[in-house]
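Visitor: Compact mmCIF, C-alpha atoms, saved as input_12.txt, coming up:
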```
# COMPACT_ATOMS: atom_id res chain seq x y z
CA MET A 1 0.00 0.00 0.00
CA LYS A 2 1.37 3.38 -0.91
CA LYS A 3 1.63 6.16 1.63
CA ILE A 4 -1.55 8.17 1.72
CA PHE A 5 -1.13 10.07 4.93
CA ALA A 6 1.25 12.72 6.13
CA LEU A 7 1.31 12.36 9.91
CA SER A 8 3.32 14.65 12.08
CA GLN A 9 4.65 14.06 15.55
CA LYS A 10 5.04 17.77 16.02
CA ASP A 11 1.36 18.38 15.44
CA GLY A 12 0.18 18.68 19.05
CA ARG A 13 -2.92 16.58 18.49
CA PRO A 14 -3.04 12.84 18.99
CA MET A 15 -2.28 10.71 15.95
CA TYR A 16 -5.85 9.36 15.73
CA LEU A 17 -7.25 12.86 15.23
CA GLN A 18 -4.76 13.46 12.45
CA ILE A 19 -5.75 10.19 10.81
CA MET A 20 -9.46 11.05 11.13
CA GLU A 21 -8.95 14.43 9.60
CA GLN A 22 -7.04 13.04 6.64
CA ILE A 23 -9.57 10.30 6.03
CA LYS A 24 -12.36 12.87 6.07
CA GLN A 25 -10.42 14.90 3.58
CA LEU A 26 -10.02 11.87 1.30
CA VAL A 27 -13.76 11.24 1.54
CA ALA A 28 -14.74 14.87 1.05
CA GLN A 29 -12.50 15.10 -2.02
CA GLY A 30 -13.95 11.87 -3.38
CA ASP A 31 -10.62 10.01 -3.32
CA TRP A 32 -12.35 7.47 -1.15
CA ALA A 33 -15.71 7.06 -2.86
CA GLN A 34 -18.97 6.41 -1.05
CA GLY A 35 -19.60 2.74 -0.44
CA GLU A 36 -15.99 1.91 -1.29
CA LYS A 37 -14.08 -0.54 0.88
CA VAL A 38 -11.32 1.14 2.87
CA PRO A 39 -8.04 -0.46 4.01
CA SER A 40 -8.30 -2.75 7.02
CA ILE A 41 -7.12 -1.34 10.33
CA ARG A 42 -4.00 -3.46 10.23
CA GLU A 43 -3.20 -2.59 6.62
CA LEU A 44 -3.45 1.10 7.33
CA ALA A 45 -1.41 0.78 10.52
CA VAL A 46 1.40 -0.98 8.67
CA ALA A 47 1.28 1.44 5.75
CA THR A 48 1.57 4.46 8.02
CA SER A 49 3.80 2.87 10.71
CA VAL A 50 1.26 3.85 13.32
CA SER A 51 0.02 1.41 15.93
CA VAL A 52 -3.06 -0.69 15.28
CA ILE A 53 -4.91 0.72 18.27
CA THR A 54 -4.49 4.26 17.01
CA VAL A 55 -5.98 3.45 13.63
CA LYS A 56 -8.73 1.47 15.35
CA ARG A 57 -9.58 4.48 17.47
CA ALA A 58 -9.76 6.69 14.38
CA TYR A 59 -12.07 4.21 12.61
CA GLN A 60 -14.34 3.95 15.66
CA GLU A 61 -14.68 7.70 15.91
CA LEU A 62 -15.35 7.94 12.17
CA GLU A 63 -18.09 5.34 12.55
CA ARG A 64 -19.63 7.40 15.31
CA GLU A 65 -19.58 10.43 13.07
CA GLY A 66 -21.20 8.42 10.30
CA VAL A 67 -18.28 8.64 7.88
CA LEU A 68 -17.39 4.94 7.91
CA VAL A 69 -19.47 1.83 8.47
CA THR A 70 -17.97 -1.45 9.60
CA GLN A 71 -19.45 -4.81 8.80
CA GLN A 72 -18.24 -7.44 11.23
CA GLY A 73 -15.89 -9.85 9.54
CA ILE A 74 -16.07 -8.11 6.16
CA GLY A 75 -14.40 -4.77 6.62
CA SER A 76 -14.98 -1.05 6.75
CA PHE A 77 -16.58 1.06 4.03
CA VAL A 78 -17.16 4.71 3.34
CA ALA A 79 -20.76 5.35 4.38
CA ASN A 80 -23.37 5.43 1.61
CA ASN A 81 -24.79 8.78 2.41
CA GLU A 82 -25.47 11.45 -0.17
CA ASN A 83 -25.02 14.15 2.43
CA LEU A 84 -21.69 12.81 3.60
CA ASN A 85 -19.70 15.79 2.34
CA ASP A 86 -22.04 18.23 4.07
CA LEU A 87 -21.95 16.12 7.18
CA ILE A 88 -18.16 16.20 7.28
CA ILE A 89 -17.99 19.92 6.65
CA HIS A 90 -20.69 20.70 9.22
CA ASN A 91 -19.01 18.51 11.81
CA GLU A 92 -15.70 20.27 11.30
CA ILE A 93 -17.20 23.74 11.48
CA ASP A 94 -19.33 22.84 14.49
CA LYS A 95 -16.27 21.68 16.34
CA HIS A 96 -14.63 25.08 15.93
CA LEU A 97 -17.81 26.96 16.72
CA LYS A 98 -18.33 24.94 19.90
CA GLN A 99 -14.83 25.83 20.95
CA ALA A 100 -15.51 29.49 20.27
CA LEU A 101 -18.72 29.22 22.31
CA SER A 102 -16.93 27.76 25.29
CA HIS A 103 -14.15 30.35 25.12
CA ALA A 104 -16.79 33.07 24.89
CA GLY A 105 -18.47 31.60 27.96
CA ASN A 106 -15.21 31.79 29.88
CA TYR A 107 -14.81 35.45 28.99
CA GLY A 108 -18.45 36.18 29.81
CA ILE A 109 -19.34 37.04 26.22
CA SER A 110 -22.98 36.36 25.29
CA VAL A 111 -24.04 34.47 22.18
CA THR A 112 -25.54 37.65 20.75
CA ASP A 113 -22.23 39.45 21.17
CA LEU A 114 -20.41 36.47 19.70
CA LYS A 115 -22.63 36.59 16.60
CA LYS A 116 -21.97 40.29 16.24
CA ARG A 117 -18.26 39.69 16.60
CA LEU A 118 -18.37 37.02 13.91
CA GLN A 119 -20.25 39.37 11.61
CA GLN A 120 -17.66 42.08 12.24
CA LEU A 121 -14.78 39.70 11.57
CA SER A 122 -16.35 38.59 8.34
CA GLU A 123 -16.86 42.19 7.18
CA GLN A 124 -13.31 42.99 8.18
CA LYS A 125 -12.03 40.06 6.14
CA GLU A 126 -14.04 41.18 3.13
CA SER A 127 -12.65 44.69 3.31
CA ASP A 128 -9.12 43.27 3.75
CA ASN A 129 -9.57 41.26 0.59
CA GLU A 130 -10.62 44.23 -1.47
CA MET B 1 -5.06 -22.45 22.14
CA ASN B 2 -3.47 -19.69 24.14
CA ASP B 3 -3.98 -16.30 22.52
CA LYS B 4 -1.55 -14.41 24.69
CA ALA B 5 1.96 -13.72 23.44
CA PHE B 6 3.17 -13.71 27.01
CA GLU B 7 1.79 -13.49 30.50
CA MET B 8 3.44 -12.76 33.86
CA ILE B 9 1.45 -13.25 37.04
CA ASP B 10 2.73 -11.78 40.26
CA VAL B 11 6.39 -12.19 39.31
CA SER B 12 9.08 -11.00 41.70
CA ARG B 13 12.83 -11.12 41.73
CA GLN B 14 15.02 -9.88 44.54
CA TYR B 15 18.56 -8.59 44.10
CA GLU B 16 20.77 -7.04 46.71
CA HIS B 17 20.16 -3.46 45.64
CA PHE B 18 17.15 -3.84 43.40
CA SER B 19 13.97 -5.82 43.31
CA LEU B 20 11.33 -6.42 40.71
CA GLN B 21 8.07 -6.49 42.65
CA SER B 22 4.91 -8.46 41.84
CA ILE B 23 4.77 -7.82 38.13
CA SER B 24 1.54 -8.87 36.43
CA LEU B 25 1.48 -8.15 32.73
CA HIS B 26 0.33 -9.70 29.51
CA LEU B 27 0.35 -9.01 25.79
CA ASP B 28 -2.30 -10.34 23.39
CA GLN B 29 -1.16 -11.95 20.18
CA GLY B 30 -0.83 -9.47 17.33
CA GLY B 31 -0.16 -6.64 19.73
CA ILE B 32 2.83 -4.44 20.24
CA MET B 33 3.81 -3.26 23.69
CA GLY B 34 6.26 -0.56 24.57
CA LEU B 35 7.99 -0.82 27.90
CA ILE B 36 9.05 2.59 29.14
CA GLY B 37 11.11 3.31 32.20
CA PRO B 38 14.12 5.26 33.38
CA ASN B 39 17.50 3.56 33.49
CA GLY B 40 17.56 0.99 36.25
CA ALA B 41 13.77 0.70 36.41
CA GLY B 42 13.85 -3.03 35.72
CA LYS B 43 13.11 -3.20 31.99
CA SER B 44 16.01 -5.49 31.20
CA THR B 45 15.38 -7.69 34.23
CA LEU B 46 11.77 -8.11 33.16
CA ILE B 47 12.85 -9.06 29.64
CA SER B 48 15.49 -11.46 30.97
CA ILE B 49 12.83 -13.25 33.00
CA LEU B 50 10.60 -13.59 29.94
CA MET B 51 13.54 -15.02 28.03
CA GLY B 52 14.31 -17.49 30.81
CA LEU B 53 17.77 -15.95 31.20
CA VAL B 54 16.97 -15.03 34.79
CA SER B 55 14.54 -17.03 36.87
CA ALA B 56 11.90 -15.35 39.00
CA ASP B 57 11.83 -15.92 42.76
CA CYS B 58 8.09 -16.41 42.55
CA GLY B 59 5.19 -15.99 40.16
CA ASP B 60 4.14 -17.57 36.87
CA VAL B 61 5.60 -16.80 33.47
CA THR B 62 4.15 -18.10 30.21
CA VAL B 63 5.50 -17.26 26.77
CA LEU B 64 3.62 -18.36 23.62
CA GLY B 65 1.77 -20.87 25.77
CA HIS B 66 4.92 -22.40 27.24
CA ARG B 67 5.81 -22.13 30.90
CA ILE B 68 9.11 -20.37 31.55
CA PRO B 69 11.77 -21.38 32.49
CA ALA B 70 10.71 -25.07 32.45
CA PHE B 71 9.77 -25.16 28.76
CA GLN B 72 11.88 -22.28 27.54
CA VAL B 73 13.45 -24.37 24.79
CA LEU B 74 10.04 -24.85 23.18
CA ALA B 75 9.23 -21.18 23.44
CA LYS B 76 12.58 -19.92 22.25
CA SER B 77 12.45 -21.27 18.72
CA ASP B 78 9.55 -18.89 18.23
CA ILE B 79 11.06 -15.90 20.02
CA GLY B 80 13.37 -13.42 18.41
CA TYR B 81 15.45 -11.51 20.90
CA VAL B 82 17.44 -8.47 19.90
CA SER B 83 19.55 -6.59 22.39
CA GLU B 84 22.34 -4.10 22.22
CA ASP B 85 25.07 -6.68 22.66
CA MET B 86 24.09 -9.04 19.89
CA ARG B 87 26.53 -11.92 19.83
CA LEU B 88 27.87 -11.42 16.36
CA TYR B 89 31.32 -12.55 15.24
CA LYS B 90 33.25 -9.47 14.38
CA ASN B 91 35.53 -11.17 11.88
CA ALA B 92 32.68 -12.82 10.01
CA THR B 93 30.57 -11.25 7.27
CA LEU B 94 26.84 -10.68 7.37
CA ASP B 95 26.51 -13.39 4.70
CA TRP B 96 28.26 -15.87 6.97
CA HIS B 97 25.86 -15.03 9.80
CA MET B 98 22.85 -15.43 7.52
CA GLU B 99 24.08 -18.84 6.46
CA PHE B 100 24.67 -19.76 10.09
CA ILE B 101 21.12 -18.85 11.17
CA ARG B 102 19.71 -20.62 8.12
CA LYS B 103 21.43 -23.82 9.27
CA VAL B 104 20.09 -23.47 12.82
CA PHE B 105 16.55 -22.74 11.62
CA PRO B 106 16.39 -24.49 8.22
CA GLU B 107 12.58 -24.63 8.18
CA LYS B 108 12.03 -21.13 9.39
CA TRP B 109 14.62 -19.13 7.46
CA ASP B 110 12.97 -17.04 4.73
CA LYS B 111 15.61 -16.22 2.13
CA GLN B 112 13.38 -13.90 0.12
CA TYR B 113 12.53 -11.88 3.19
CA ALA B 114 16.20 -11.76 4.19
CA ASP B 115 17.14 -10.41 0.77
CA LYS B 116 14.36 -7.85 0.94
CA LEU B 117 15.58 -6.69 4.35
CA LEU B 118 19.14 -6.44 3.03
CA THR B 119 17.91 -3.93 0.47
CA GLU B 120 15.59 -2.04 2.78
CA PHE B 121 18.21 -1.78 5.52
CA ASP B 122 20.85 -0.83 2.94
CA LEU B 123 23.31 -3.49 4.17
CA ILE B 124 26.22 -5.11 2.35
CA PRO B 125 26.24 -8.93 2.70
CA ASN B 126 29.99 -9.44 2.36
CA GLN B 127 30.90 -6.76 4.87
CA LYS B 128 32.48 -7.92 8.10
CA MET B 129 30.74 -7.03 11.36
CA LYS B 130 33.73 -5.13 12.69
CA GLY B 131 33.61 -2.77 9.72
CA MET B 132 30.00 -1.85 10.35
CA SER B 133 28.69 1.22 12.09
CA HIS B 134 26.54 0.86 15.21
CA GLY B 135 23.39 1.43 13.16
CA GLN B 136 24.38 -1.15 10.56
CA ARG B 137 25.10 -3.70 13.28
CA VAL B 138 21.70 -3.14 14.88
CA LYS B 139 19.99 -3.54 11.52
CA ALA B 140 22.07 -6.64 10.73
CA GLY B 141 21.07 -8.16 14.08
CA LEU B 142 17.43 -7.41 13.41
CA LEU B 143 17.62 -8.89 9.91
CA LEU B 144 19.04 -12.15 11.28
CA ILE B 145 16.13 -12.39 13.72
CA LEU B 146 13.29 -11.17 11.49
CA ALA B 147 14.12 -13.48 8.57
CA ARG B 148 13.13 -16.54 10.60
CA HIS B 149 9.70 -15.08 11.40
CA PRO B 150 9.60 -15.40 15.17
CA ARG B 151 6.09 -15.20 16.62
CA LEU B 152 7.26 -12.99 19.45
CA LEU B 153 9.90 -10.32 19.00
CA ILE B 154 11.54 -9.05 22.14
CA LEU B 155 13.65 -5.98 21.57
CA ASP B 156 15.73 -4.38 24.26
CA GLU B 157 16.25 -0.73 23.30
CA PRO B 158 16.18 -1.42 19.55
CA THR B 159 16.51 2.16 18.39
CA THR B 160 18.95 3.50 21.00
CA GLY B 161 21.87 5.23 19.35
CA LEU B 162 20.39 5.06 15.86
CA ASP B 163 20.31 8.05 13.55
CA PRO B 164 16.85 9.25 12.46
CA VAL B 165 17.03 7.53 9.07
CA ALA B 166 18.00 4.17 10.55
CA ARG B 167 15.34 4.58 13.23
CA LYS B 168 12.68 5.05 10.63
CA GLU B 169 13.90 2.01 8.69
CA VAL B 170 13.77 -0.11 11.84
CA ASN B 171 10.36 1.22 12.92
CA ASN B 172 8.88 0.56 9.48
CA GLN B 173 10.11 -3.04 9.54
CA LEU B 174 8.68 -3.56 13.02
CA MET B 175 5.28 -2.41 11.81
CA ALA B 176 5.61 -4.66 8.75
CA VAL B 177 5.96 -7.61 11.13
CA LEU B 178 2.56 -6.78 12.59
CA ALA B 179 0.88 -7.09 9.20
CA ASP B 180 0.60 -10.73 10.28
CA ASP B 181 -1.75 -10.59 13.24
CA SER B 182 -0.34 -13.68 14.92
CA ARG B 183 2.99 -11.97 15.55
CA SER B 184 3.64 -9.82 18.58
CA ILE B 185 6.33 -7.41 19.70
CA LEU B 186 7.56 -6.30 23.08
CA PHE B 187 10.12 -3.55 23.03
CA SER B 188 11.74 -1.44 25.66
CA SER B 189 12.88 2.06 25.05
CA HIS B 190 13.48 5.33 26.69
CA ASN B 191 12.70 7.03 23.41
CA THR B 192 9.04 7.75 24.05
CA ARG B 193 8.51 8.95 20.49
CA ASP B 194 9.12 5.53 18.99
CA VAL B 195 6.93 3.95 21.63
CA GLU B 196 4.22 6.53 21.07
CA GLN B 197 4.07 5.94 17.37
CA LEU B 198 4.26 2.15 17.26
CA SER B 199 2.71 0.78 20.43
CA ASP B 200 -0.80 -0.42 21.06
CA HIS B 201 -0.09 -0.94 24.71
CA ILE B 202 2.23 0.92 26.97
CA THR B 203 3.66 -0.18 30.25
CA PHE B 204 5.41 2.35 32.46
CA ILE B 205 7.88 0.86 34.88
CA ASP B 206 9.75 2.60 37.68
CA ARG B 207 11.80 1.34 40.63
CA GLY B 208 10.99 -2.28 39.92
CA GLN B 209 7.24 -1.79 39.84
CA ILE B 210 4.65 -1.31 37.14
CA VAL B 211 3.43 2.24 37.38
CA ASN B 212 0.62 1.69 34.92
CA SER B 213 -0.14 -0.44 31.89
CA ASP B 214 -2.86 0.40 29.42
CA ASP B 215 -3.82 1.06 25.82
CA LYS B 216 -1.85 3.95 24.44
CA GLU B 217 -5.00 5.81 23.45
CA THR B 218 -6.36 5.53 26.98
CA PHE B 219 -3.23 7.15 28.39
CA ILE B 220 -3.36 9.97 25.89
CA GLU B 221 -7.08 10.53 26.47
CA LYS B 222 -6.70 10.71 30.26
CA TRP B 223 -4.16 13.50 30.64
CA ARG B 224 -4.40 17.17 29.73
CA ARG B 225 -2.37 20.28 30.28
CA VAL B 226 -4.62 23.26 31.02
CA ARG B 227 -3.44 26.84 30.90
CA LEU B 228 -5.62 29.41 32.61
CA THR B 229 -5.44 32.92 33.92
CA VAL B 230 -6.66 34.15 37.28
CA ASP B 231 -7.46 37.66 38.45
CA GLY B 232 -5.65 37.72 41.74
CA LYS B 233 -7.59 35.43 44.05
CA HIS B 234 -8.30 31.80 43.32
CA ASN B 235 -8.34 28.54 45.21
CA ILE B 236 -6.98 26.15 42.63
CA THR B 237 -4.79 23.60 44.36
CA MET B 238 -3.73 20.02 43.81
CA ASN B 239 -6.46 17.39 44.23
CA THR B 240 -7.40 14.01 42.79
CA HIS B 241 -7.57 15.51 39.30
CA ILE B 242 -5.05 18.33 39.48
CA LYS B 243 -1.64 16.71 39.69
CA GLU B 244 0.59 19.72 39.16
CA VAL B 245 0.15 23.45 39.53
CA VAL B 246 2.71 25.88 38.17
CA GLU B 247 1.90 29.51 38.86
CA ILE B 248 3.56 32.25 36.83
CA GLY B 249 2.04 35.60 37.79
CA GLN B 250 -1.55 35.60 36.57
CA THR B 251 -1.11 32.41 34.60
CA LEU B 252 -1.53 28.87 35.89
CA SER B 253 -0.36 25.75 34.13
CA LEU B 254 -2.04 22.58 35.39
CA VAL B 255 -1.55 18.92 34.71
CA ILE B 256 -4.90 17.16 34.95
CA HIS B 257 -5.74 13.48 35.22
CA ASP B 258 -9.11 12.09 34.08
CA CYS B 259 -9.96 15.41 32.54
CA ASN B 260 -13.65 16.04 31.73
CA ASP B 261 -16.10 18.93 31.36
CA GLN B 262 -16.95 18.80 35.06
CA VAL B 263 -13.31 19.23 36.05
CA LEU B 264 -12.97 22.19 33.69
CA ALA B 265 -16.21 23.78 34.95
CA ASP B 266 -14.91 23.40 38.48
CA LEU B 267 -11.76 25.34 37.54
CA THR B 268 -13.91 28.16 36.21
CA ASP B 269 -15.95 28.13 39.44
CA ARG B 270 -12.77 28.48 41.43
CA GLY B 271 -11.74 31.67 39.68
CA GLY B 272 -9.87 30.48 36.60
CA HIS B 273 -10.34 31.60 32.99
CA ILE B 274 -9.38 28.70 30.80
CA GLN B 275 -7.13 29.68 27.92
CA GLN B 276 -6.05 26.40 26.51
CA VAL B 277 -6.61 22.69 27.00
CA GLU B 278 -4.04 20.56 25.26
CA TYR B 279 -2.98 16.95 24.96
CA MET B 280 0.27 15.90 26.53
CA SER B 281 3.09 13.99 24.91
CA LEU B 282 3.76 10.47 26.06
CA GLU B 283 6.95 11.69 27.71
CA GLU B 284 5.02 14.21 29.82
CA ILE B 285 2.42 11.56 30.63
CA PHE B 286 5.15 9.18 31.72
CA VAL B 287 6.61 11.75 34.09
CA ALA B 288 3.14 12.59 35.44
CA GLU B 289 2.30 8.91 35.98
CA VAL B 290 5.58 8.26 37.79
CA GLU B 291 5.19 11.32 40.00
CA THR B 292 1.59 10.46 40.84
CA LYS B 293 2.61 6.95 41.79
CA ARG B 294 5.53 8.15 43.88
CA GLN B 295 3.27 10.64 45.69
CA ARG B 296 0.75 7.91 46.41
CA ARG B 297 3.49 5.75 47.86
CA THR B 298 4.81 8.42 50.21
CA SER B 299 1.42 9.74 51.32
```
Since I need it in another form, could you write the structure as structure tokens?

Guide:
Amino acid sequence: MKKIFALSQKDGRPMYLQIMEQIKQLVAQGDWAQGEKVPSIRELAVATSVSVITVKRAYQELEREGVLVTQQGIGSFVANNENLNDLIIHNEIDKHLKQALSHAGNYGISVTDLKKRLQQLSEQKESDNE
Amino acid sequence: MNDKAFEMIDVSRQYEHFSLQSISLHLDQGGIMGLIGPNGAGKSTLISILMGLVSADCGDVTVLGHRIPAFQVLAKSDIGYVSEDMRLYKNATLDWHMEFIRKVFPEKWDKQYADKLLTEFDLIPNQKMKGMSHGQRVKAGLLLILARHPRLLILDEPTTGLDPVARKEVNNQLMAVLADDSRSILFSSHNTRDVEQLSDHITFIDRGQIVNSDDKETFIEKWRRVRLTVDGKHNITMNTHIKEVVEIGQTLSLVIHDCNDQVLADLTDRGGHIQQVEYMSLEEIFVAEVETKRQRRTS
């Protein structure tokens, strides 16, 4: 199996998150087509020189997010879901937004103010781009 | 059918100035376990007991279904042991050694695999051992072991003293071994990076005792470093979750065990503004685990 992932030990996040992210990217880009069989956990572990349990963890989380489905004894597949791309993108964005929400909470910023702030940032970016 | 690569139950060994105390540990077949500990923690003693080189004072040891040391001969044909002082003849070539091992293990020696490893490790068959660099010798030793497909590989500090390129070559070959899910690997290291990348299971050992042994992902999930700011007053101190508090002016850096939303909410309640919650490296986790264990022992 050729190398398909670029994993970094300097990236502060755990390896399984990096693997998840890259698999989602492959799916979102259509490199791994819907319904297509994906490498077994062991195959992927060997190909990336990352431990089996790490890849297993990534697959389990991806199943939970509805990106992969595993059929016992047969293997794992990219989920057959027309909205998969949207699902992946929404999940990613939601993660960041949730983080922003919790930070805002810590600073005592209300959701209304947060929305305003977001609007301002977006306008600022637009004017920067002009 | 025994599906454990090895199992130790309540194994102890007493020396004059060091003792290995009630070690219970096992590795499932197809798994890879990293044994991490400071120098003198007992890693090599533990491995020597598994190999039947040192006998335990008490406890049960089973390797590949064979009781050790009684049936070590049966177990050993399926174990590949690589240590720093591989007994290689310095005046003989790598080719000579390959031929030697082939004669000892005629049914197990895989010539194709050996040739493949020669290429991948970038070794020269007719080079004498004494002319090889440390890295080449380590790779040569590993080749001689791998090419007979042992079911359990035991590696004592396999990557110590290797340059980054050689380390990657060795690590890749170790993972390739695991493509066959009936083969298992136990390796000791104080290079936590190698252990972090390759291992399914991690066992921390310190002062002759197991500090903790678990899935790697469980370790990584349990520990967090939290940076927060406080405005003057706060009552954030060490407790069952907070294992370390470093205060620099208005900023606190905490090491937290079993981190969850409740723990973080509690920090906010106690006057902290959370800035950052980050994962810790295996090295930091190791230190935190050892310190926690040592604190528990003294308190």

Visitor: Looking at B:Thr251, B:Thr237, B:Thr192, B:Thr45, which one is nearest to chain A, with distances taken over all atoms listed in the file?

Guide: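 Of B:Thr251, B:Thr237, B:Thr192, B:Thr45, the one nearest chain A, counting all atoms listed in the file, is B:Thr192.
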
Visitor: Once you count only C-alpha atoms, which residues of chain B turn out to be within 9 Å of chain A? Could you give them as number ranges by chain?

Guide: B: 31-32, 171-181, 193, 196-201, 215-217, 220-221, 268, 272-275, 278-281

Visitor: Enter the distance from CA of Thr159 in chain B to CA of Glu289 in chain B, in Å, rounded to one decimal.

Guide: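 We find that CA of Thr159 in chain B and CA of Glu289 in chain B lie 23.6 Å from each other.
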
Visitor: Which residue, B:Ala288, B:Ile210, B:Ile154, B:Ile236, has the smallest gap to Leu252 in chain B when you use only C-alpha atoms?

Guide: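 Comparing B:Ala288, B:Ile210, B:Ile154, B:Ile236 against Leu252 in chain B, the winner is B:Ile236.
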
Visitor: Fewer than 6 positions away in the same chain doesn't count, so skip those; otherwise give me all residues within 12 Å of Gln127 in chain B, counting only C-alpha atoms, as JSON, numbers by chain.

Guide: {"B": [89, 90, 91, 92, 93, 94, 95, 96, 97, 118, 133, 136, 137, 140]}

Visitor: Work out how far CA of Ala56 in chain B is from CA of Glu291 in chain B, in Å to one decimal.

Guide: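 Computed distance, CA of Glu291 in chain B to CA of Ala56 in chain B, equals 27.5 Å.
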